[in-house]
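Source file: structure.txt. Holds: compact mmCIF, C-alpha atoms.
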# COMPACT_ATOMS: atom_id res chain seq x y z
CA MET A 112 -19.66 -16.83 4.14
CA ALA A 113 -16.32 -17.79 2.68
CA ILE A 114 -15.56 -19.52 -0.59
CA PHE A 115 -14.55 -23.19 -0.92
CA LEU A 116 -13.81 -23.69 2.82
CA ASP A 117 -15.43 -22.78 6.15
CA GLU A 118 -15.79 -23.93 9.76
CA HIS A 119 -18.06 -26.79 8.69
CA SER A 120 -15.47 -28.34 6.36
CA LYS A 121 -14.14 -31.74 7.43
CA VAL A 122 -10.53 -32.16 6.38
CA VAL A 123 -8.63 -35.41 5.88
CA VAL A 124 -4.87 -35.28 5.32
CA ALA A 125 -3.22 -37.68 2.86
CA GLY A 126 0.32 -38.16 4.10
CA MET A 127 -0.44 -37.05 7.66
CA THR A 128 1.99 -39.59 9.10
CA GLY A 129 4.98 -38.06 7.27
CA ALA A 130 7.08 -35.22 8.66
CA GLU A 131 5.49 -32.46 6.56
CA GLY A 132 2.01 -33.86 6.92
CA ARG A 133 2.32 -34.13 10.67
CA LYS A 134 3.77 -30.62 11.05
CA HIS A 135 1.16 -28.89 8.97
CA THR A 136 -1.72 -30.94 10.37
CA ALA A 137 -0.75 -29.60 13.79
CA ARG A 138 -0.78 -26.06 12.37
CA MET A 139 -4.15 -26.62 10.74
CA LEU A 140 -5.58 -27.85 14.04
CA ALA A 141 -4.16 -24.81 15.83
CA ALA A 142 -5.94 -22.61 13.27
CA GLY A 143 -9.25 -24.24 14.16
CA THR A 144 -9.50 -26.54 11.16
CA ASN A 145 -11.75 -29.54 11.68
CA VAL A 146 -9.18 -32.23 10.77
CA VAL A 147 -10.94 -35.60 11.03
CA GLY A 148 -8.12 -37.99 10.15
CA GLY A 149 -5.30 -39.00 7.86
CA ILE A 150 -4.64 -41.42 5.01
CA ASN A 151 -1.76 -43.88 4.68
CA PRO A 152 -2.46 -47.39 3.37
CA ARG A 153 0.57 -48.78 5.20
CA LYS A 154 -0.53 -47.36 8.58
CA ALA A 155 -4.30 -47.81 8.42
CA GLY A 156 -5.81 -48.44 11.82
CA GLN A 157 -3.18 -46.45 13.70
CA GLU A 158 -3.75 -43.11 15.40
CA VAL A 159 -1.70 -39.92 15.26
CA HIS A 160 -1.62 -37.79 18.41
CA LEU A 161 -1.43 -34.06 17.72
CA SER A 162 -2.46 -31.00 19.71
CA GLY A 163 -4.21 -33.11 22.31
CA ARG A 164 -6.24 -35.01 19.75
CA SER A 165 -6.08 -38.59 18.50
CA LEU A 166 -6.61 -38.68 14.75
CA PRO A 167 -7.41 -41.98 13.00
CA VAL A 168 -5.41 -43.12 9.98
CA PHE A 169 -7.41 -44.67 7.15
CA GLY A 170 -6.29 -46.92 4.32
CA ASP A 171 -7.76 -44.80 1.54
CA THR A 172 -9.92 -41.73 0.94
CA ALA A 173 -13.16 -43.65 0.44
CA GLU A 174 -12.71 -45.28 3.84
CA ALA A 175 -12.02 -41.89 5.43
CA VAL A 176 -15.08 -40.33 3.81
CA ALA A 177 -17.32 -43.22 4.90
CA ALA A 178 -16.09 -43.03 8.51
CA THR A 179 -15.91 -39.27 9.01
CA GLY A 180 -17.88 -37.50 6.28
CA ALA A 181 -14.68 -35.75 5.17
CA ASP A 182 -15.31 -33.32 2.31
CA VAL A 183 -11.82 -31.84 1.86
CA SER A 184 -8.58 -33.72 1.24
CA VAL A 185 -5.18 -32.04 1.70
CA LEU A 186 -2.37 -33.97 0.02
CA PHE A 187 1.22 -34.07 1.27
CA VAL A 188 2.13 -37.29 -0.55
CA PRO A 189 5.39 -37.62 -2.61
CA PRO A 190 5.25 -36.53 -6.28
CA PRO A 191 5.10 -40.06 -7.79
CA ALA A 192 2.05 -40.87 -5.66
CA VAL A 193 0.08 -37.67 -6.30
CA LYS A 194 -1.76 -38.78 -9.44
CA ASP A 195 -3.24 -41.87 -7.83
CA ALA A 196 -4.01 -39.99 -4.60
CA VAL A 197 -5.95 -37.25 -6.40
CA ILE A 198 -7.84 -39.77 -8.53
CA GLU A 199 -8.66 -41.66 -5.35
CA ALA A 200 -10.00 -38.45 -3.76
CA VAL A 201 -12.10 -37.69 -6.84
CA ASP A 202 -13.53 -41.22 -6.89
CA ALA A 203 -14.32 -40.93 -3.16
CA GLY A 204 -16.40 -37.84 -3.92
CA VAL A 205 -14.67 -35.25 -1.75
CA GLY A 206 -15.66 -31.70 -2.59
CA MET A 207 -12.12 -30.36 -2.76
CA ALA A 208 -8.62 -31.83 -3.12
CA VAL A 209 -5.80 -29.45 -2.18
CA VAL A 210 -2.49 -30.64 -3.63
CA ILE A 211 0.42 -29.13 -1.70
CA THR A 212 3.11 -31.35 -3.25
CA GLU A 213 5.59 -29.69 -5.62
CA GLY A 214 7.49 -31.46 -8.38
CA VAL A 215 4.45 -33.32 -9.73
CA PRO A 216 5.17 -34.55 -13.29
CA VAL A 217 3.19 -32.55 -15.84
CA HIS A 218 1.71 -35.65 -17.48
CA ASP A 219 0.50 -36.82 -14.06
CA ALA A 220 -1.11 -33.43 -13.40
CA ALA A 221 -2.77 -33.64 -16.83
CA ALA A 222 -4.09 -37.11 -15.98
CA PHE A 223 -5.71 -36.22 -12.66
CA TRP A 224 -6.96 -32.89 -14.03
CA ALA A 225 -8.73 -34.78 -16.82
CA HIS A 226 -10.10 -37.33 -14.36
CA ALA A 227 -11.61 -34.57 -12.21
CA GLN A 228 -13.45 -32.93 -15.12
CA GLY A 229 -17.20 -33.37 -14.71
CA SER A 230 -16.81 -34.62 -11.13
CA PRO A 231 -17.94 -32.76 -7.99
CA THR A 232 -14.32 -32.43 -6.85
CA ARG A 233 -12.53 -29.10 -7.06
CA VAL A 234 -8.77 -29.58 -7.41
CA ILE A 235 -6.50 -26.82 -6.03
CA GLY A 236 -2.86 -26.99 -7.12
CA PRO A 237 -0.56 -28.86 -7.38
CA ASN A 238 2.41 -26.98 -5.91
CA CYS A 239 0.19 -24.60 -3.98
CA PRO A 240 -0.01 -23.33 -0.37
CA GLY A 241 -3.70 -24.19 -0.06
CA VAL A 242 -6.83 -22.33 1.01
CA ILE A 243 -7.51 -20.35 4.18
CA SER A 244 -10.64 -18.69 5.45
CA PRO A 245 -9.15 -16.88 8.47
CA GLY A 246 -10.86 -17.67 11.74
CA ARG A 247 -12.75 -20.54 10.15
CA SER A 248 -10.53 -23.12 8.53
CA ASN A 249 -7.11 -23.59 6.94
CA ALA A 250 -6.40 -26.39 4.43
CA GLY A 251 -2.71 -26.32 3.55
CA ILE A 252 0.43 -24.54 4.68
CA ILE A 253 -0.57 -20.85 4.76
CA PRO A 254 0.50 -19.34 8.11
CA ASP A 255 -2.65 -18.57 10.08
CA GLY A 256 -1.09 -15.94 12.32
CA ILE A 257 -0.43 -13.25 9.69
CA THR A 258 -3.99 -12.10 9.18
CA LYS A 259 -7.55 -12.12 10.49
CA PRO A 260 -11.08 -12.41 9.11
CA GLY A 261 -12.06 -9.58 6.78
CA ARG A 262 -13.63 -8.69 3.45
CA ILE A 263 -10.74 -9.01 0.98
CA GLY A 264 -10.59 -12.02 -1.33
CA LEU A 265 -7.14 -13.07 -2.56
CA VAL A 266 -6.15 -15.42 -5.39
CA SER A 267 -2.48 -15.98 -6.16
CA LYS A 268 -0.09 -18.18 -8.11
CA SER A 269 2.66 -17.52 -5.58
CA GLY A 270 2.70 -18.79 -2.02
CA THR A 271 5.27 -16.25 -0.87
CA LEU A 272 3.34 -13.31 -2.32
CA THR A 273 0.16 -14.67 -0.76
CA TYR A 274 1.84 -14.45 2.63
CA GLN A 275 3.24 -10.98 1.96
CA LEU A 276 -0.09 -9.47 0.89
CA MET A 277 -1.85 -11.14 3.82
CA HIS A 278 0.71 -9.63 6.17
CA GLU A 279 0.57 -6.16 4.59
CA LEU A 280 -3.25 -6.13 4.70
CA ARG A 281 -3.62 -7.94 8.01
CA GLU A 282 -5.39 -5.00 9.66
CA HIS A 283 -8.23 -5.38 7.14
CA GLY A 284 -8.32 -9.18 6.96
CA PHE A 285 -9.54 -11.64 4.35
CA SER A 286 -12.70 -13.58 3.53
CA THR A 287 -10.66 -16.32 1.84
CA CYS A 288 -7.17 -16.63 0.35
CA VAL A 289 -6.60 -19.19 -2.39
CA GLY A 290 -3.13 -20.23 -3.57
CA ILE A 291 -3.73 -21.86 -6.94
CA GLY A 292 -0.08 -22.78 -7.67
CA GLY A 293 2.20 -21.83 -10.52
CA ASP A 294 2.65 -25.11 -12.39
CA PRO A 295 1.82 -25.33 -16.12
CA ILE A 296 -1.26 -27.46 -15.36
CA ILE A 297 -3.35 -26.61 -12.30
CA GLY A 298 -6.87 -27.43 -11.24
CA THR A 299 -8.60 -24.26 -10.11
CA THR A 300 -7.72 -21.09 -12.06
CA HIS A 301 -7.79 -17.35 -11.43
CA ILE A 302 -11.12 -17.19 -13.24
CA ASP A 303 -12.69 -19.90 -11.07
CA VAL A 304 -11.71 -18.07 -7.88
CA VAL A 305 -12.69 -14.61 -9.12
CA GLU A 306 -16.09 -16.00 -10.14
CA ALA A 307 -16.58 -17.36 -6.60
CA PHE A 308 -15.53 -14.06 -4.98
CA GLU A 309 -17.93 -12.15 -7.21
CA LYS A 310 -20.77 -14.27 -5.78
CA ASP A 311 -19.54 -14.08 -2.16
CA PRO A 312 -21.43 -11.40 -0.16
CA GLU A 313 -18.58 -11.22 2.37
CA THR A 314 -15.96 -10.22 -0.21
CA ASP A 315 -15.79 -6.51 -1.08
CA VAL A 316 -12.44 -6.31 -2.94
CA ILE A 317 -10.59 -8.95 -4.95
CA VAL A 318 -6.78 -9.12 -5.12
CA LEU A 319 -5.35 -11.04 -8.08
CA ILE A 320 -1.67 -12.00 -8.01
CA GLY A 321 -0.08 -13.43 -11.11
CA GLU A 322 3.37 -14.01 -12.49
CA ILE A 323 5.15 -14.36 -15.80
CA GLY A 324 4.41 -17.22 -18.18
CA GLY A 325 1.27 -18.50 -19.87
CA ASP A 326 -1.84 -16.40 -20.47
CA ALA A 327 -3.95 -17.11 -17.38
CA GLU A 328 -3.87 -13.48 -16.23
CA GLU A 329 -4.85 -12.19 -19.67
CA ARG A 330 -7.81 -14.57 -19.75
CA ALA A 331 -8.76 -13.55 -16.22
CA ALA A 332 -8.61 -9.89 -17.25
CA GLU A 333 -11.06 -10.51 -20.07
CA TYR A 334 -13.37 -12.40 -17.72
CA ILE A 335 -13.25 -9.60 -15.13
CA ARG A 336 -13.94 -6.95 -17.76
CA ALA A 337 -17.04 -8.80 -18.93
CA ARG A 338 -18.48 -10.27 -15.74
CA VAL A 339 -17.12 -8.86 -12.47
CA SER A 340 -18.72 -5.89 -10.72
CA LYS A 341 -16.48 -5.77 -7.62
CA PRO A 342 -13.21 -3.82 -7.59
CA VAL A 343 -10.14 -5.91 -8.47
CA VAL A 344 -6.54 -4.97 -7.68
CA GLY A 345 -3.70 -6.80 -9.41
CA TYR A 346 0.00 -7.52 -9.06
CA ILE A 347 2.26 -9.38 -11.49
CA ALA A 348 5.58 -10.77 -10.29
CA GLY A 349 8.56 -10.90 -12.64
CA PHE A 350 9.13 -7.48 -14.24
CA THR A 351 12.89 -8.07 -14.16
CA ALA A 352 12.84 -11.72 -15.24
CA PRO A 353 15.13 -12.52 -18.22
CA PRO A 354 13.30 -13.95 -21.27
CA GLY A 355 13.61 -17.68 -21.85
CA LYS A 356 14.63 -18.57 -18.31
CA THR A 357 12.44 -20.57 -15.95
CA MET A 358 11.97 -18.64 -12.72
CA GLY A 359 11.03 -20.74 -9.72
CA HIS A 360 7.59 -22.02 -10.63
CA ALA A 361 7.52 -24.46 -13.51
CA GLY A 362 5.00 -22.29 -15.32
CA ALA A 363 6.96 -19.07 -14.89
CA ILE A 364 8.82 -18.85 -18.18
CA VAL A 365 8.70 -16.10 -20.78
CA SER A 366 9.04 -16.80 -24.48
CA GLY A 367 9.31 -13.81 -26.83
CA THR A 368 6.96 -11.00 -25.84
CA GLY A 369 4.17 -13.29 -24.67
CA GLY A 370 3.61 -13.90 -20.97
CA THR A 371 5.73 -10.99 -19.78
CA ALA A 372 4.86 -9.07 -16.66
CA GLU A 373 4.42 -5.90 -18.72
CA ALA A 374 2.02 -7.62 -21.15
CA LYS A 375 -0.04 -9.00 -18.27
CA LYS A 376 -0.10 -5.62 -16.52
CA LYS A 377 -1.40 -3.97 -19.69
CA ALA A 378 -4.10 -6.62 -20.09
CA LEU A 379 -5.28 -6.13 -16.50
CA GLU A 380 -5.26 -2.34 -16.78
CA ALA A 381 -7.17 -2.53 -20.05
CA ALA A 382 -9.86 -4.38 -18.12
CA GLY A 383 -10.08 -1.56 -15.58
CA ILE A 384 -7.94 -3.24 -12.93
CA GLN A 385 -5.46 -1.15 -10.94
CA VAL A 386 -2.06 -2.88 -10.88
CA GLY A 387 0.67 -2.26 -8.32
CA ARG A 388 4.35 -2.27 -9.30
CA THR A 389 5.32 -3.85 -5.96
CA PRO A 390 3.45 -5.85 -3.32
CA SER A 391 3.49 -2.83 -0.98
CA GLU A 392 2.11 -0.53 -3.68
CA THR A 393 -0.56 -3.15 -4.40
CA ALA A 394 -1.53 -3.25 -0.72
CA ALA A 395 -1.77 0.56 -0.70
CA ILE A 396 -4.15 0.48 -3.68
CA VAL A 397 -6.29 -2.11 -1.89
CA ARG A 398 -6.49 0.12 1.20
CA GLU A 399 -7.55 3.09 -0.94
CA THR A 400 -10.15 0.93 -2.67
CA LEU A 401 -11.63 -0.26 0.62
CA VAL A 402 -12.33 3.28 1.85
CA ARG A 403 -13.94 4.57 -1.34
What do you get writing this file as C-alpha cells?
Amino acid sequence: MAIFLDEHSKVVVAGMTGAEGRKHTARMLAAGTNVVGGINPRKAGQEVHLSGRSLPVFGDTAEAVAATGADVSVLFVPPPAVKDAVIEAVDAGVGMAVVITEGVPVHDAAAFWAHAQGSPTRVIGPNCPGVISPGRSNAGIIPDGITKPGRIGLVSKSGTLTYQLMHELREHGFSTCVGIGGDPIIGTTHIDVVEAFEKDPETDVIVLIGEIGGDAEERAAEYIRARVSKPVVGYIAGFTAPPGKTMGHAGAIVSGTGGTAEAKKKALEAAGIQVGRTPSETAAIVRETLVR
C-alpha cells in the first residue's frame, strides 16, 4: 500500500484548462494517474483532449464529485482564487486537496486551513509539488521518470530537494513522496506524514527533509522520538543562510538562533535521527540504513 494516494484514486484538476494545468495533467496521465476531469466554472461542459483521452470540464468540485466519484483535487488556480477553490473542495467532500499554487496570501491559507479542520479533507500545500506513489498515481508536478516503486517514504518542504533525493535513491524507489510545501501555513505537516509512514507496511525507511525557519522539524523530532519505530534519516537545507533574510520559501526565514539549520539538525539527532550534511550524504545514509 501507499499513503494518501494509490492507483484507485480518482483525480480532478482545478485549473486544468490553463497552461500549467493542461501541461501537468498530461504528465499525470502519462504517469498512470486516473484523472477523471477538470474544473473551470467558465468552461463547464467543454472537454479537454489530452494523451488520447477526452476529459470533461465541470463547473465546480461538487459537480465533478457527483459525476465521477473524484476523491482527490489538484489545484492549479491563481493565488486569489485558491481560498475559495479549497473551501469548495472541502465542502464537496474530497479526501485530499493538493494545492500546487505558490504566492497564496497567508490570511487566505489560514482561512482554508481553518475551514478544513474537522472535515474529511486532507489539505497538502499550498506551494507544494504534490504527492506521488511511483507506479500507481501522481497528483501534482513531481517528475515521474526519476524514480520507481520502492520502500522508502519521503516527506519534504522543498520540491527541488524532493526531486534530488528521488533521483539519488532511484535504484531503491519510493512507497510515496509527499511535498508539503514551505509556506508559513500549510495543511499537512511533517508529523502527519511520518505518522502515516509509520503505519504503512510498505515503507521501511523514512526520509525527512526540512529547511530553516519555524519549528516544524523540532516538533517532528520530538514526535519521532516518542512514537516512531522505523528508521528516519534527515536533511535540513540552509546551513549557510544569513539570519534575518527570507530564502525562497515564505516560511524559510531565521530570526536569532531559532529555526536555524544547526538547531534543527541537533533536534533531529537528539531524537536518534541520522542527519546528512548534503543531499548526497543523506542518500548515502539511507542506502546504509536499507541494508542493515
For this session: Do a neighbour search on A:Arg133 at 12 Å with only C-alpha atoms, toss out local chain neighbours closer than 5 positions, and write the hits as a VMD selection string.
Result: chain A and resid 124 to 128 138 to 140 146 148 to 150 158 to 162 166 168 185 to 188 251 to 252
Exercise. Just how far from atom CA of A:Val176 is atom CA of A:Ser230, in Å to one decimal?
Worked result: 16.1 Å
Exercise. Rounded to one decimal in Å, what is the spacing between atom CA of A:Asp255 and atom CA of A:Pro342?
Worked result: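 Between atom CA of A:Asp255 and atom CA of A:Pro342 the gap works out to 25.3 Å.
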Problem set entry | Pairwise distance for atom CA of A:Ser244 and atom CA of A:Ala192, rounded to one decimal in Å | 27.9 Å
